[in-house]
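Enquirer: Input structure: query.txt, which contains compact mmCIF, N, CA and C atoms and all ligand atoms.
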```
# COMPACT_ATOMS: atom_id res chain seq x y z
N MET C 985 -31.54 7.93 18.20
CA MET C 985 -31.75 6.51 17.98
C MET C 985 -31.45 5.76 19.28
N TRP C 986 -32.38 4.95 19.72
CA TRP C 986 -32.21 4.19 20.96
C TRP C 986 -31.15 3.11 20.78
N ALA C 987 -30.32 2.94 21.79
CA ALA C 987 -29.28 1.90 21.76
C ALA C 987 -29.04 1.40 23.18
N ASP C 988 -28.60 0.14 23.27
CA ASP C 988 -28.32 -0.45 24.57
C ASP C 988 -27.13 0.26 25.22
N ALA C 989 -27.27 0.53 26.53
CA ALA C 989 -26.20 1.23 27.26
C ALA C 989 -25.65 0.39 28.42
N ALA C 990 -26.51 -0.40 29.05
CA ALA C 990 -26.08 -1.19 30.21
C ALA C 990 -27.20 -2.16 30.57
N LYS C 991 -26.90 -3.04 31.50
CA LYS C 991 -27.90 -3.92 32.08
C LYS C 991 -28.40 -3.30 33.39
N THR C 992 -29.65 -3.51 33.70
CA THR C 992 -30.23 -2.89 34.89
C THR C 992 -29.51 -3.33 36.17
N ASP C 993 -29.01 -4.56 36.20
CA ASP C 993 -28.35 -5.02 37.43
C ASP C 993 -26.96 -4.41 37.61
N GLU C 994 -26.53 -3.58 36.66
CA GLU C 994 -25.24 -2.90 36.78
C GLU C 994 -25.38 -1.51 37.42
N LEU C 995 -26.62 -1.13 37.71
CA LEU C 995 -26.85 0.25 38.18
C LEU C 995 -27.89 0.25 39.29
N ALA C 996 -27.40 0.07 40.51
CA ALA C 996 -28.28 0.04 41.68
C ALA C 996 -28.78 1.46 41.98
N PRO C 997 -29.87 1.60 42.73
CA PRO C 997 -30.33 2.93 43.14
C PRO C 997 -29.20 3.71 43.83
N GLY C 998 -29.02 4.96 43.41
CA GLY C 998 -27.94 5.79 43.94
C GLY C 998 -26.62 5.59 43.22
N GLY C 999 -26.61 4.67 42.26
CA GLY C 999 -25.36 4.35 41.57
C GLY C 999 -25.13 5.18 40.32
N LEU C 1000 -23.88 5.20 39.90
CA LEU C 1000 -23.46 5.86 38.66
C LEU C 1000 -22.68 4.85 37.84
N LYS C 1001 -22.76 5.01 36.51
CA LYS C 1001 -22.05 4.08 35.64
C LYS C 1001 -21.67 4.77 34.34
N TYR C 1002 -20.47 4.48 33.90
CA TYR C 1002 -20.01 4.96 32.59
C TYR C 1002 -20.61 4.08 31.50
N ALA C 1003 -20.99 4.72 30.40
CA ALA C 1003 -21.44 3.98 29.21
C ALA C 1003 -21.01 4.78 27.98
N ARG C 1004 -20.72 4.07 26.94
CA ARG C 1004 -20.41 4.70 25.66
C ARG C 1004 -21.41 4.16 24.65
N VAL C 1005 -22.19 5.07 24.09
CA VAL C 1005 -23.27 4.68 23.18
C VAL C 1005 -23.11 5.45 21.87
N ASN C 1006 -22.93 4.74 20.80
CA ASN C 1006 -22.74 5.36 19.48
C ASN C 1006 -21.69 6.47 19.52
N GLY C 1007 -20.60 6.21 20.25
CA GLY C 1007 -19.49 7.15 20.32
C GLY C 1007 -19.67 8.26 21.33
N VAL C 1008 -20.81 8.30 22.01
CA VAL C 1008 -21.08 9.35 23.00
C VAL C 1008 -20.79 8.80 24.40
N GLU C 1009 -19.92 9.50 25.14
CA GLU C 1009 -19.61 9.10 26.51
C GLU C 1009 -20.69 9.62 27.44
N LEU C 1010 -21.22 8.73 28.27
CA LEU C 1010 -22.34 9.06 29.16
C LEU C 1010 -22.02 8.69 30.60
N THR C 1011 -22.67 9.38 31.50
CA THR C 1011 -22.80 8.92 32.87
C THR C 1011 -24.26 8.58 33.07
N LEU C 1012 -24.49 7.33 33.45
CA LEU C 1012 -25.85 6.89 33.78
C LEU C 1012 -26.01 6.97 35.29
N GLY C 1013 -27.17 7.40 35.74
CA GLY C 1013 -27.43 7.46 37.17
C GLY C 1013 -28.81 6.89 37.48
N ASN C 1014 -28.88 6.22 38.62
CA ASN C 1014 -30.14 5.64 39.08
C ASN C 1014 -30.63 6.47 40.26
N TYR C 1015 -31.57 7.36 40.00
CA TYR C 1015 -32.15 8.19 41.06
C TYR C 1015 -33.52 7.63 41.40
N ASP C 1016 -33.60 7.01 42.55
CA ASP C 1016 -34.87 6.52 43.07
C ASP C 1016 -35.55 5.55 42.10
N GLY C 1017 -34.74 4.71 41.43
CA GLY C 1017 -35.28 3.70 40.54
C GLY C 1017 -35.49 4.15 39.11
N THR C 1018 -35.31 5.43 38.84
CA THR C 1018 -35.41 5.94 37.47
C THR C 1018 -34.01 6.19 36.94
N ILE C 1019 -33.78 5.78 35.69
CA ILE C 1019 -32.46 5.92 35.09
C ILE C 1019 -32.39 7.24 34.31
N TYR C 1020 -31.29 7.96 34.54
CA TYR C 1020 -31.01 9.21 33.81
C TYR C 1020 -29.66 9.09 33.11
N ALA C 1021 -29.54 9.77 31.99
CA ALA C 1021 -28.28 9.77 31.23
C ALA C 1021 -27.87 11.21 30.96
N VAL C 1022 -26.63 11.52 31.33
CA VAL C 1022 -26.06 12.85 31.07
C VAL C 1022 -24.69 12.66 30.43
N GLY C 1023 -24.17 13.74 29.86
CA GLY C 1023 -22.82 13.68 29.32
C GLY C 1023 -21.84 13.29 30.41
N ARG C 1024 -20.82 12.51 30.03
CA ARG C 1024 -19.90 11.98 31.04
C ARG C 1024 -19.04 13.05 31.70
N ARG C 1025 -18.68 14.09 30.96
CA ARG C 1025 -17.65 15.01 31.41
C ARG C 1025 -18.24 16.21 32.16
N CYS C 1026 -17.61 16.54 33.27
CA CYS C 1026 -18.03 17.67 34.09
C CYS C 1026 -17.99 18.96 33.28
N GLY C 1027 -18.95 19.83 33.52
CA GLY C 1027 -19.01 21.12 32.85
C GLY C 1027 -18.01 22.13 33.37
N HIS C 1028 -17.13 21.71 34.27
CA HIS C 1028 -16.08 22.59 34.78
C HIS C 1028 -14.76 22.29 34.07
N MET C 1029 -14.15 21.14 34.37
CA MET C 1029 -12.85 20.81 33.78
C MET C 1029 -12.78 19.36 33.32
N ASN C 1030 -13.95 18.85 32.89
CA ASN C 1030 -14.01 17.56 32.19
C ASN C 1030 -13.75 16.31 33.01
N ALA C 1031 -13.78 16.36 34.30
CA ALA C 1031 -13.60 15.13 35.09
C ALA C 1031 -14.74 14.16 34.77
N PRO C 1032 -14.45 12.86 34.86
CA PRO C 1032 -15.49 11.85 34.59
C PRO C 1032 -16.49 11.77 35.74
N LEU C 1033 -17.72 12.12 35.45
CA LEU C 1033 -18.73 12.22 36.50
C LEU C 1033 -19.16 10.86 37.06
N ASP C 1034 -18.91 9.80 36.29
CA ASP C 1034 -19.25 8.47 36.82
C ASP C 1034 -18.34 8.09 37.99
N ASP C 1035 -17.25 8.83 38.21
CA ASP C 1035 -16.41 8.64 39.39
C ASP C 1035 -16.87 9.51 40.55
N GLY C 1036 -17.93 10.27 40.34
CA GLY C 1036 -18.46 11.14 41.39
C GLY C 1036 -19.45 10.40 42.27
N SER C 1037 -20.41 11.15 42.78
CA SER C 1037 -21.41 10.54 43.66
C SER C 1037 -22.79 11.08 43.32
N LEU C 1038 -23.79 10.29 43.66
CA LEU C 1038 -25.18 10.68 43.42
C LEU C 1038 -25.92 10.61 44.75
N ASP C 1039 -26.37 11.78 45.21
CA ASP C 1039 -27.11 11.87 46.47
C ASP C 1039 -28.48 12.43 46.12
N GLY C 1040 -29.49 11.57 46.11
CA GLY C 1040 -30.78 11.98 45.57
C GLY C 1040 -30.61 12.27 44.10
N PHE C 1041 -31.05 13.45 43.67
CA PHE C 1041 -30.89 13.80 42.25
C PHE C 1041 -29.65 14.67 42.01
N ILE C 1042 -28.85 14.88 43.04
CA ILE C 1042 -27.65 15.72 42.92
C ILE C 1042 -26.42 14.87 42.59
N LEU C 1043 -25.86 15.17 41.43
CA LEU C 1043 -24.64 14.50 40.96
C LEU C 1043 -23.46 15.41 41.30
N THR C 1044 -22.50 14.89 42.05
CA THR C 1044 -21.34 15.68 42.48
C THR C 1044 -20.09 15.20 41.79
N CYS C 1045 -19.36 16.16 41.22
CA CYS C 1045 -18.12 15.86 40.51
C CYS C 1045 -17.04 15.42 41.50
N PRO C 1046 -16.23 14.42 41.10
CA PRO C 1046 -15.20 13.95 42.02
C PRO C 1046 -14.00 14.89 42.15
N LEU C 1047 -13.85 15.84 41.23
CA LEU C 1047 -12.62 16.63 41.25
C LEU C 1047 -12.72 17.89 42.11
N HIS C 1048 -13.73 18.73 41.86
CA HIS C 1048 -13.86 19.98 42.64
C HIS C 1048 -15.26 20.14 43.23
N ASP C 1049 -16.04 19.08 43.20
CA ASP C 1049 -17.34 19.05 43.87
C ASP C 1049 -18.43 19.93 43.26
N ALA C 1050 -18.29 20.31 41.98
CA ALA C 1050 -19.43 20.96 41.32
C ALA C 1050 -20.61 20.00 41.37
N GLN C 1051 -21.82 20.57 41.40
CA GLN C 1051 -23.00 19.73 41.50
C GLN C 1051 -23.97 20.02 40.36
N PHE C 1052 -24.67 18.98 39.95
CA PHE C 1052 -25.62 19.05 38.85
C PHE C 1052 -26.89 18.28 39.23
N ASP C 1053 -28.01 18.76 38.72
CA ASP C 1053 -29.27 18.03 38.84
C ASP C 1053 -29.27 16.99 37.73
N ILE C 1054 -29.21 15.71 38.11
CA ILE C 1054 -29.08 14.67 37.08
C ILE C 1054 -30.36 14.56 36.24
N THR C 1055 -31.47 15.08 36.72
CA THR C 1055 -32.72 14.99 35.95
C THR C 1055 -32.80 16.04 34.85
N THR C 1056 -32.04 17.14 35.01
CA THR C 1056 -32.10 18.22 34.02
C THR C 1056 -30.74 18.57 33.42
N GLY C 1057 -29.66 18.14 34.06
CA GLY C 1057 -28.30 18.50 33.63
C GLY C 1057 -27.87 19.88 34.10
N LYS C 1058 -28.74 20.61 34.76
CA LYS C 1058 -28.41 21.98 35.19
C LYS C 1058 -27.41 21.97 36.34
N ALA C 1059 -26.44 22.87 36.24
CA ALA C 1059 -25.49 23.05 37.33
C ALA C 1059 -26.21 23.66 38.52
N THR C 1060 -25.97 23.10 39.70
CA THR C 1060 -26.65 23.60 40.91
C THR C 1060 -25.66 24.04 41.98
N GLY C 1061 -24.39 23.72 41.80
CA GLY C 1061 -23.40 24.09 42.81
C GLY C 1061 -22.06 24.31 42.16
N TYR C 1062 -21.43 25.43 42.49
CA TYR C 1062 -20.18 25.80 41.84
C TYR C 1062 -19.02 24.97 42.40
N PRO C 1063 -17.96 24.77 41.59
CA PRO C 1063 -16.80 24.01 42.08
C PRO C 1063 -16.20 24.64 43.32
N MET C 1064 -15.65 23.79 44.18
CA MET C 1064 -14.98 24.25 45.39
C MET C 1064 -13.55 23.71 45.35
N PRO C 1065 -12.60 24.58 44.95
CA PRO C 1065 -11.21 24.11 44.94
C PRO C 1065 -10.82 23.60 46.32
N HIS C 1066 -10.09 22.53 46.33
CA HIS C 1066 -9.65 21.96 47.60
C HIS C 1066 -8.47 22.75 48.12
N HIS C 1067 -8.61 23.27 49.32
CA HIS C 1067 -7.57 24.11 49.90
C HIS C 1067 -6.70 23.30 50.86
N HIS C 1068 -5.46 23.69 50.85
CA HIS C 1068 -4.52 23.15 51.82
C HIS C 1068 -3.92 24.34 52.56
N SER C 1069 -3.55 24.11 53.75
CA SER C 1069 -2.98 25.20 54.54
C SER C 1069 -1.72 25.74 53.89
N ASP C 1070 -1.63 27.08 53.82
CA ASP C 1070 -0.41 27.71 53.31
C ASP C 1070 0.78 27.39 54.20
N GLU C 1071 0.52 27.02 55.45
CA GLU C 1071 1.62 26.76 56.38
C GLU C 1071 2.44 25.54 55.96
N THR C 1072 1.84 24.65 55.19
CA THR C 1072 2.56 23.44 54.79
C THR C 1072 3.25 23.60 53.45
N ARG C 1073 3.17 24.80 52.85
CA ARG C 1073 3.73 25.02 51.52
C ARG C 1073 4.89 26.01 51.58
N SER C 1074 5.72 25.91 50.56
CA SER C 1074 6.73 26.95 50.40
C SER C 1074 6.02 28.21 49.94
N PRO C 1075 6.65 29.39 50.10
CA PRO C 1075 6.02 30.62 49.62
C PRO C 1075 5.69 30.56 48.13
N ALA C 1076 6.57 29.97 47.34
CA ALA C 1076 6.32 29.88 45.89
C ALA C 1076 5.11 29.00 45.61
N MET C 1077 5.01 27.89 46.32
CA MET C 1077 3.86 27.00 46.11
C MET C 1077 2.57 27.68 46.56
N ALA C 1078 2.62 28.42 47.65
CA ALA C 1078 1.43 29.12 48.14
C ALA C 1078 0.98 30.17 47.13
N ASN C 1079 1.95 30.91 46.54
CA ASN C 1079 1.60 31.91 45.52
C ASN C 1079 0.97 31.26 44.30
N GLU C 1080 1.53 30.14 43.88
CA GLU C 1080 0.97 29.43 42.73
C GLU C 1080 -0.44 28.94 43.04
N ALA C 1081 -0.64 28.44 44.23
CA ALA C 1081 -1.97 27.95 44.61
C ALA C 1081 -2.98 29.09 44.60
N ARG C 1082 -2.59 30.26 45.10
CA ARG C 1082 -3.52 31.40 45.10
C ARG C 1082 -3.83 31.85 43.66
N ALA C 1083 -2.81 31.84 42.79
CA ALA C 1083 -3.04 32.22 41.39
C ALA C 1083 -3.97 31.21 40.72
N ASN C 1084 -3.75 29.93 40.97
CA ASN C 1084 -4.62 28.90 40.40
C ASN C 1084 -6.05 29.05 40.90
N HIS C 1085 -6.19 29.38 42.17
CA HIS C 1085 -7.53 29.57 42.74
C HIS C 1085 -8.23 30.74 42.06
N ARG C 1086 -7.51 31.86 41.84
CA ARG C 1086 -8.13 33.01 41.16
C ARG C 1086 -8.57 32.63 39.75
N LEU C 1087 -7.73 31.87 39.05
CA LEU C 1087 -8.10 31.44 37.69
C LEU C 1087 -9.30 30.50 37.73
N ALA C 1088 -9.30 29.60 38.67
CA ALA C 1088 -10.39 28.61 38.75
C ALA C 1088 -11.74 29.30 38.93
N LEU C 1089 -11.73 30.43 39.64
CA LEU C 1089 -12.99 31.15 39.86
C LEU C 1089 -13.52 31.77 38.58
N LYS C 1090 -12.66 31.92 37.56
CA LYS C 1090 -13.08 32.54 36.30
C LYS C 1090 -13.52 31.50 35.26
N ILE C 1091 -13.35 30.22 35.56
CA ILE C 1091 -13.74 29.17 34.61
C ILE C 1091 -15.25 29.00 34.68
N ARG C 1092 -15.87 29.00 33.52
CA ARG C 1092 -17.33 28.83 33.47
C ARG C 1092 -17.72 27.39 33.80
N LEU C 1093 -18.85 27.25 34.43
CA LEU C 1093 -19.41 25.93 34.73
C LEU C 1093 -20.58 25.72 33.78
N LEU C 1094 -20.46 24.73 32.91
CA LEU C 1094 -21.49 24.48 31.91
C LEU C 1094 -22.46 23.41 32.39
N ASP C 1095 -23.72 23.55 31.99
CA ASP C 1095 -24.70 22.51 32.25
C ASP C 1095 -24.32 21.25 31.46
N LEU C 1096 -24.88 20.12 31.87
CA LEU C 1096 -24.60 18.85 31.21
C LEU C 1096 -25.65 18.57 30.14
N ALA C 1097 -25.21 17.94 29.06
CA ALA C 1097 -26.18 17.44 28.08
C ALA C 1097 -26.97 16.31 28.72
N THR C 1098 -28.22 16.21 28.38
CA THR C 1098 -29.05 15.11 28.89
C THR C 1098 -29.58 14.30 27.71
N TYR C 1099 -29.84 13.04 27.97
CA TYR C 1099 -30.32 12.13 26.93
C TYR C 1099 -31.46 11.30 27.50
N PRO C 1100 -32.51 11.05 26.70
CA PRO C 1100 -33.58 10.19 27.18
C PRO C 1100 -33.06 8.78 27.47
N ALA C 1101 -33.54 8.20 28.55
CA ALA C 1101 -33.17 6.84 28.91
C ALA C 1101 -34.44 6.05 29.22
N ARG C 1102 -34.38 4.75 28.97
CA ARG C 1102 -35.52 3.89 29.27
C ARG C 1102 -35.01 2.50 29.60
N VAL C 1103 -35.88 1.73 30.23
CA VAL C 1103 -35.56 0.35 30.57
C VAL C 1103 -36.50 -0.56 29.79
N LEU C 1104 -35.89 -1.50 29.08
CA LEU C 1104 -36.64 -2.53 28.36
C LEU C 1104 -36.17 -3.87 28.88
N GLY C 1105 -37.03 -4.55 29.66
CA GLY C 1105 -36.61 -5.81 30.27
C GLY C 1105 -35.47 -5.56 31.24
N ASP C 1106 -34.32 -6.20 30.98
CA ASP C 1106 -33.16 -6.02 31.85
C ASP C 1106 -32.11 -5.10 31.23
N THR C 1107 -32.54 -4.33 30.23
CA THR C 1107 -31.58 -3.49 29.50
C THR C 1107 -31.94 -2.01 29.61
N ILE C 1108 -30.90 -1.20 29.87
CA ILE C 1108 -31.05 0.26 29.86
C ILE C 1108 -30.70 0.74 28.45
N GLN C 1109 -31.58 1.50 27.88
CA GLN C 1109 -31.31 2.08 26.57
C GLN C 1109 -31.29 3.60 26.68
N VAL C 1110 -30.46 4.20 25.82
CA VAL C 1110 -30.35 5.66 25.78
C VAL C 1110 -30.51 6.10 24.34
N ASP C 1111 -31.21 7.22 24.18
CA ASP C 1111 -31.41 7.80 22.85
C ASP C 1111 -30.38 8.91 22.67
N VAL C 1112 -29.32 8.60 21.91
CA VAL C 1112 -28.25 9.60 21.69
C VAL C 1112 -28.35 10.17 20.28
S1 LIG Z 1 -13.86 19.15 37.03
FE1 LIG Z 1 -15.77 18.91 37.96
S2 LIG Z 1 -15.86 20.43 39.45
FE2 LIG Z 1 -13.94 20.74 38.49
```
If you took the structure in this file and wrote it as structure tokens, what would it be?

Expert:
Amino acid sequence: MWADAAKTDELAPGGLKYARVNGVELTLGNYDGTIYAVGRRCGHMNAPLDDGSLDGFILTCPLHDAQFDITTGKATGYPMPHHHSDETRSPAMANEARANHRLALKIRLLDLATYPARVLGDTIQVDV
């Protein structure tokens, strides 16, 4: 069912925006003047993708930089844990960081749900 999600002037080209439509959390993205709607939460560890970035059709997660094609929701780039030099950590912290890194590599990266979006006048609508 189509429902209002945002106003067009709230989403400039290259922009991302959070919207909640009929209880569904979405990230809206404006790729080259066309509006796309995907599930808000990253397919890695649920970070809010509207806090990420949109470069062309590539949506990048703000937490570990996983990437998704906003036009299809498909994952295109695996998360990259942010590394810090072991030299600045205690041995215990360095061991914990290495263990966390090994676990992070075993977490599955899920594709994003996608939803049809359209513009009617000055309103963005999404079919959720
Ligand atoms: S939560 Fe998005 S890449 Fe980890």

Enquirer: CA of Val1022 (chain C) and CA of Glu994 (chain C), how far apart in Å?

Expert: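 About the pair CA of Glu994 (chain C) and CA of Val1022 (chain C): they are 16.8 Å apart.
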
Enquirer: Identify all residues of region 994-1060 of chain C in strand (DSSP E) (DSSP on the backbone) and supply them as number ranges by chain.

Expert: C: 1000-1005, 1008-1015, 1018-1023, 1037-1039, 1042-1044, 1051-1053, 1059-1060

Enquirer: Go through C:Leu1038, C:Leu1033, C:Ala1003, C:Ala1050 and flag the residue nearest ligand LIG 1 (chain Z), using all atoms listed in the file for the distances.

Expert: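 Using all atoms listed in the file, ligand LIG 1 (chain Z) sits closest to C:Ala1050.
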
Enquirer: All residues within 8 Å of ligand LIG 1 (chain Z) are required, counting all atoms listed in the file; please report them as a PDB file with N, CA and C atoms, in the frame of the given file.

Expert:
```
ATOM      1  N   ARG C1025     -18.680  14.090  30.960  1.00  0.00           N
ATOM      2  CA  ARG C1025     -17.650  15.010  31.410  1.00  0.00           C
ATOM      3  C   ARG C1025     -18.240  16.210  32.160  1.00  0.00           C
ATOM      4  N   CYS C1026     -17.610  16.540  33.270  1.00  0.00           N
ATOM      5  CA  CYS C1026     -18.030  17.670  34.090  1.00  0.00           C
ATOM      6  C   CYS C1026     -17.990  18.960  33.280  1.00  0.00           C
ATOM      7  N   GLY C1027     -18.950  19.830  33.520  1.00  0.00           N
ATOM      8  CA  GLY C1027     -19.010  21.120  32.850  1.00  0.00           C
ATOM      9  C   GLY C1027     -18.010  22.130  33.370  1.00  0.00           C
ATOM     10  N   HIS C1028     -17.130  21.710  34.270  1.00  0.00           N
ATOM     11  CA  HIS C1028     -16.080  22.590  34.780  1.00  0.00           C
ATOM     12  C   HIS C1028     -14.760  22.290  34.070  1.00  0.00           C
ATOM     13  N   MET C1029     -14.150  21.140  34.370  1.00  0.00           N
ATOM     14  CA  MET C1029     -12.850  20.810  33.780  1.00  0.00           C
ATOM     15  C   MET C1029     -12.780  19.360  33.320  1.00  0.00           C
ATOM     16  N   ASN C1030     -13.950  18.850  32.890  1.00  0.00           N
ATOM     17  CA  ASN C1030     -14.010  17.560  32.190  1.00  0.00           C
ATOM     18  C   ASN C1030     -13.750  16.310  33.010  1.00  0.00           C
ATOM     19  N   ALA C1031     -13.780  16.360  34.300  1.00  0.00           N
ATOM     20  CA  ALA C1031     -13.600  15.130  35.090  1.00  0.00           C
ATOM     21  C   ALA C1031     -14.740  14.160  34.770  1.00  0.00           C
ATOM     22  N   PRO C1032     -14.450  12.860  34.860  1.00  0.00           N
ATOM     23  CA  PRO C1032     -15.490  11.850  34.590  1.00  0.00           C
ATOM     24  C   PRO C1032     -16.490  11.770  35.740  1.00  0.00           C
ATOM     25  N   LEU C1033     -17.720  12.120  35.450  1.00  0.00           N
ATOM     26  CA  LEU C1033     -18.730  12.220  36.500  1.00  0.00           C
ATOM     27  C   LEU C1033     -19.160  10.860  37.060  1.00  0.00           C
ATOM     28  N   THR C1044     -22.500  14.890  42.050  1.00  0.00           N
ATOM     29  CA  THR C1044     -21.340  15.680  42.480  1.00  0.00           C
ATOM     30  C   THR C1044     -20.090  15.200  41.790  1.00  0.00           C
ATOM     31  N   CYS C1045     -19.360  16.160  41.220  1.00  0.00           N
ATOM     32  CA  CYS C1045     -18.120  15.860  40.510  1.00  0.00           C
ATOM     33  C   CYS C1045     -17.040  15.420  41.500  1.00  0.00           C
ATOM     34  N   PRO C1046     -16.230  14.420  41.100  1.00  0.00           N
ATOM     35  CA  PRO C1046     -15.200  13.950  42.020  1.00  0.00           C
ATOM     36  C   PRO C1046     -14.000  14.890  42.150  1.00  0.00           C
ATOM     37  N   LEU C1047     -13.850  15.840  41.230  1.00  0.00           N
ATOM     38  CA  LEU C1047     -12.620  16.630  41.250  1.00  0.00           C
ATOM     39  C   LEU C1047     -12.720  17.890  42.110  1.00  0.00           C
ATOM     40  N   HIS C1048     -13.730  18.730  41.860  1.00  0.00           N
ATOM     41  CA  HIS C1048     -13.860  19.980  42.640  1.00  0.00           C
ATOM     42  C   HIS C1048     -15.260  20.140  43.230  1.00  0.00           C
ATOM     43  N   ASP C1049     -16.040  19.080  43.200  1.00  0.00           N
ATOM     44  CA  ASP C1049     -17.340  19.050  43.870  1.00  0.00           C
ATOM     45  C   ASP C1049     -18.430  19.930  43.260  1.00  0.00           C
ATOM     46  N   ALA C1050     -18.290  20.310  41.980  1.00  0.00           N
ATOM     47  CA  ALA C1050     -19.430  20.960  41.320  1.00  0.00           C
ATOM     48  C   ALA C1050     -20.610  20.000  41.370  1.00  0.00           C
ATOM     49  N   GLN C1051     -21.820  20.570  41.400  1.00  0.00           N
ATOM     50  CA  GLN C1051     -23.000  19.730  41.500  1.00  0.00           C
ATOM     51  C   GLN C1051     -23.970  20.020  40.360  1.00  0.00           C
ATOM     52  N   GLY C1061     -24.390  23.720  41.800  1.00  0.00           N
ATOM     53  CA  GLY C1061     -23.400  24.090  42.810  1.00  0.00           C
ATOM     54  C   GLY C1061     -22.060  24.310  42.160  1.00  0.00           C
ATOM     55  N   TYR C1062     -21.430  25.430  42.490  1.00  0.00           N
ATOM     56  CA  TYR C1062     -20.180  25.800  41.840  1.00  0.00           C
ATOM     57  C   TYR C1062     -19.020  24.970  42.400  1.00  0.00           C
ATOM     58  N   PRO C1063     -17.960  24.770  41.590  1.00  0.00           N
ATOM     59  CA  PRO C1063     -16.800  24.010  42.080  1.00  0.00           C
ATOM     60  C   PRO C1063     -16.200  24.640  43.320  1.00  0.00           C
ATOM     61  N   MET C1064     -15.650  23.790  44.180  1.00  0.00           N
ATOM     62  CA  MET C1064     -14.980  24.250  45.390  1.00  0.00           C
ATOM     63  C   MET C1064     -13.550  23.710  45.350  1.00  0.00           C
ATOM     64  N   PRO C1065     -12.600  24.580  44.950  1.00  0.00           N
ATOM     65  CA  PRO C1065     -11.210  24.110  44.940  1.00  0.00           C
ATOM     66  C   PRO C1065     -10.820  23.600  46.320  1.00  0.00           C
TER      67      PRO C1065
END
```

Enquirer: Using DSSP on the backbone coordinates, identify all residues within chain C classified as alpha helix (DSSP H); present the result as a list in words.

Expert: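 Written out, the alpha helix (DSSP H) residues of chain C are Pro1075, Ala1076, Met1077, Ala1078, Asn1079, Glu1080, Ala1081, Arg1082, Ala1083, Asn1084, His1085, Arg1086, Leu1087 and Ala1088 of chain C.
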
Enquirer: Tell me which protein, DNA and RNA residues are within 6.5 Å of region 1099-1103 of chain C, counting only N, CA and C atoms, leaving out same-chain ones fewer than 3 positions away, and put them as a compact mmCIF listing (two decimals) with N, CA and C atoms, in the frame of the given file.

Expert:
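Once written, result00.txt looks like this:
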```txt
# COMPACT_ATOMS: atom_id res chain seq x y z
N ILE C 1019 -33.78 5.78 35.69
CA ILE C 1019 -32.46 5.92 35.09
C ILE C 1019 -32.39 7.24 34.31
N TYR C 1020 -31.29 7.96 34.54
CA TYR C 1020 -31.01 9.21 33.81
C TYR C 1020 -29.66 9.09 33.11
N ALA C 1021 -29.54 9.77 31.99
CA ALA C 1021 -28.28 9.77 31.23
C ALA C 1021 -27.87 11.21 30.96
N VAL C 1022 -26.63 11.52 31.33
CA VAL C 1022 -26.06 12.85 31.07
C VAL C 1022 -24.69 12.66 30.43
N GLY C 1023 -24.17 13.74 29.86
CA GLY C 1023 -22.82 13.68 29.32
C GLY C 1023 -21.84 13.29 30.41
N ASP C 1106 -34.32 -6.20 30.98
CA ASP C 1106 -33.16 -6.02 31.85
C ASP C 1106 -32.11 -5.10 31.23
N THR C 1107 -32.54 -4.33 30.23
CA THR C 1107 -31.58 -3.49 29.50
C THR C 1107 -31.94 -2.01 29.61
N ILE C 1108 -30.90 -1.20 29.87
CA ILE C 1108 -31.05 0.26 29.86
C ILE C 1108 -30.70 0.74 28.45
N GLN C 1109 -31.58 1.50 27.88
CA GLN C 1109 -31.31 2.08 26.57
C GLN C 1109 -31.29 3.60 26.68
N VAL C 1110 -30.46 4.20 25.82
CA VAL C 1110 -30.35 5.66 25.78
C VAL C 1110 -30.51 6.10 24.34
N ASP C 1111 -31.21 7.22 24.18
CA ASP C 1111 -31.41 7.80 22.85
C ASP C 1111 -30.38 8.91 22.67
N VAL C 1112 -29.32 8.60 21.91
CA VAL C 1112 -28.25 9.60 21.69
C VAL C 1112 -28.35 10.17 20.28
```

Enquirer: Between CA of Thr1098 (chain C) and atom N of Asp1016 (chain C), measure the distance and give it in Å to one decimal.

Expert: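 One can read the CA of Thr1098 (chain C) to atom N of Asp1016 (chain C) distance as 16.5 Å.
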
Enquirer: Choose the residue, out of C:Leu1104, C:Thr992, C:Thr1018, C:Ala987, that has the smallest atom-to-atom separation from Asn1006 (chain C); count only C-alpha atoms.

Expert: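 Residue with the minimum atom-to-atom distance to Asn1006 (chain C): C:Ala987.
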
Enquirer: Grab the CA of Lys991 (chain C) to atom C of Asp1053 (chain C) distance for me, in Å with one decimal place.

Expert: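 Between these atoms lies a distance of 21.7 Å.
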
Enquirer: Produce the centre coordinates and the three edge lengths, each in Å to one decimal, of the box along x, y and z that contains all listed atoms of region 1027-1043 of chain C with 6 Å added on each side, as lines of an AutoDock Vina configuration file.

Expert:
```
center_x = -21.9
center_y = 15.3
center_z = 39.3
size_x = 30.3
size_y = 26.5
size_z = 26.3
```

Enquirer: Which polymer residues, whether protein, DNA or RNA, lie within 8 Å of the coordinate (-26.1, 5.1, 43.1) when you count all atoms listed in the file? List them as a list in words, using the chain letters and numbers from the file.

Expert: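 I get Leu995, Ala996, Pro997, Gly998, Gly999, Leu1000, Lys1001, Gly1013, Asn1014, Tyr1015, Asp1016, Ser1037, Leu1038, Asp1039 and Gly1040 of chain C for the residues within 8 Å of that point.
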
Enquirer: Which residue out of C:Ala1076, C:Ala1083, C:Leu1010, C:Leu1096 has the minimum interatomic distance to Phe1052 (chain C) when only N, CA and C atoms are used?

Expert: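 Among C:Ala1076, C:Ala1083, C:Leu1010, C:Leu1096, it is C:Leu1096 that comes nearest to Phe1052 (chain C).
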
Enquirer: Write out as a ChimeraX atom specification each polymer residue whose atoms come within 6 Å of Ile1054 (chain C), counting only N, CA and C atoms; drop sequence neighbours fewer than 3 positions from it.

Expert: /C:1020,1041-1043,1057-1058
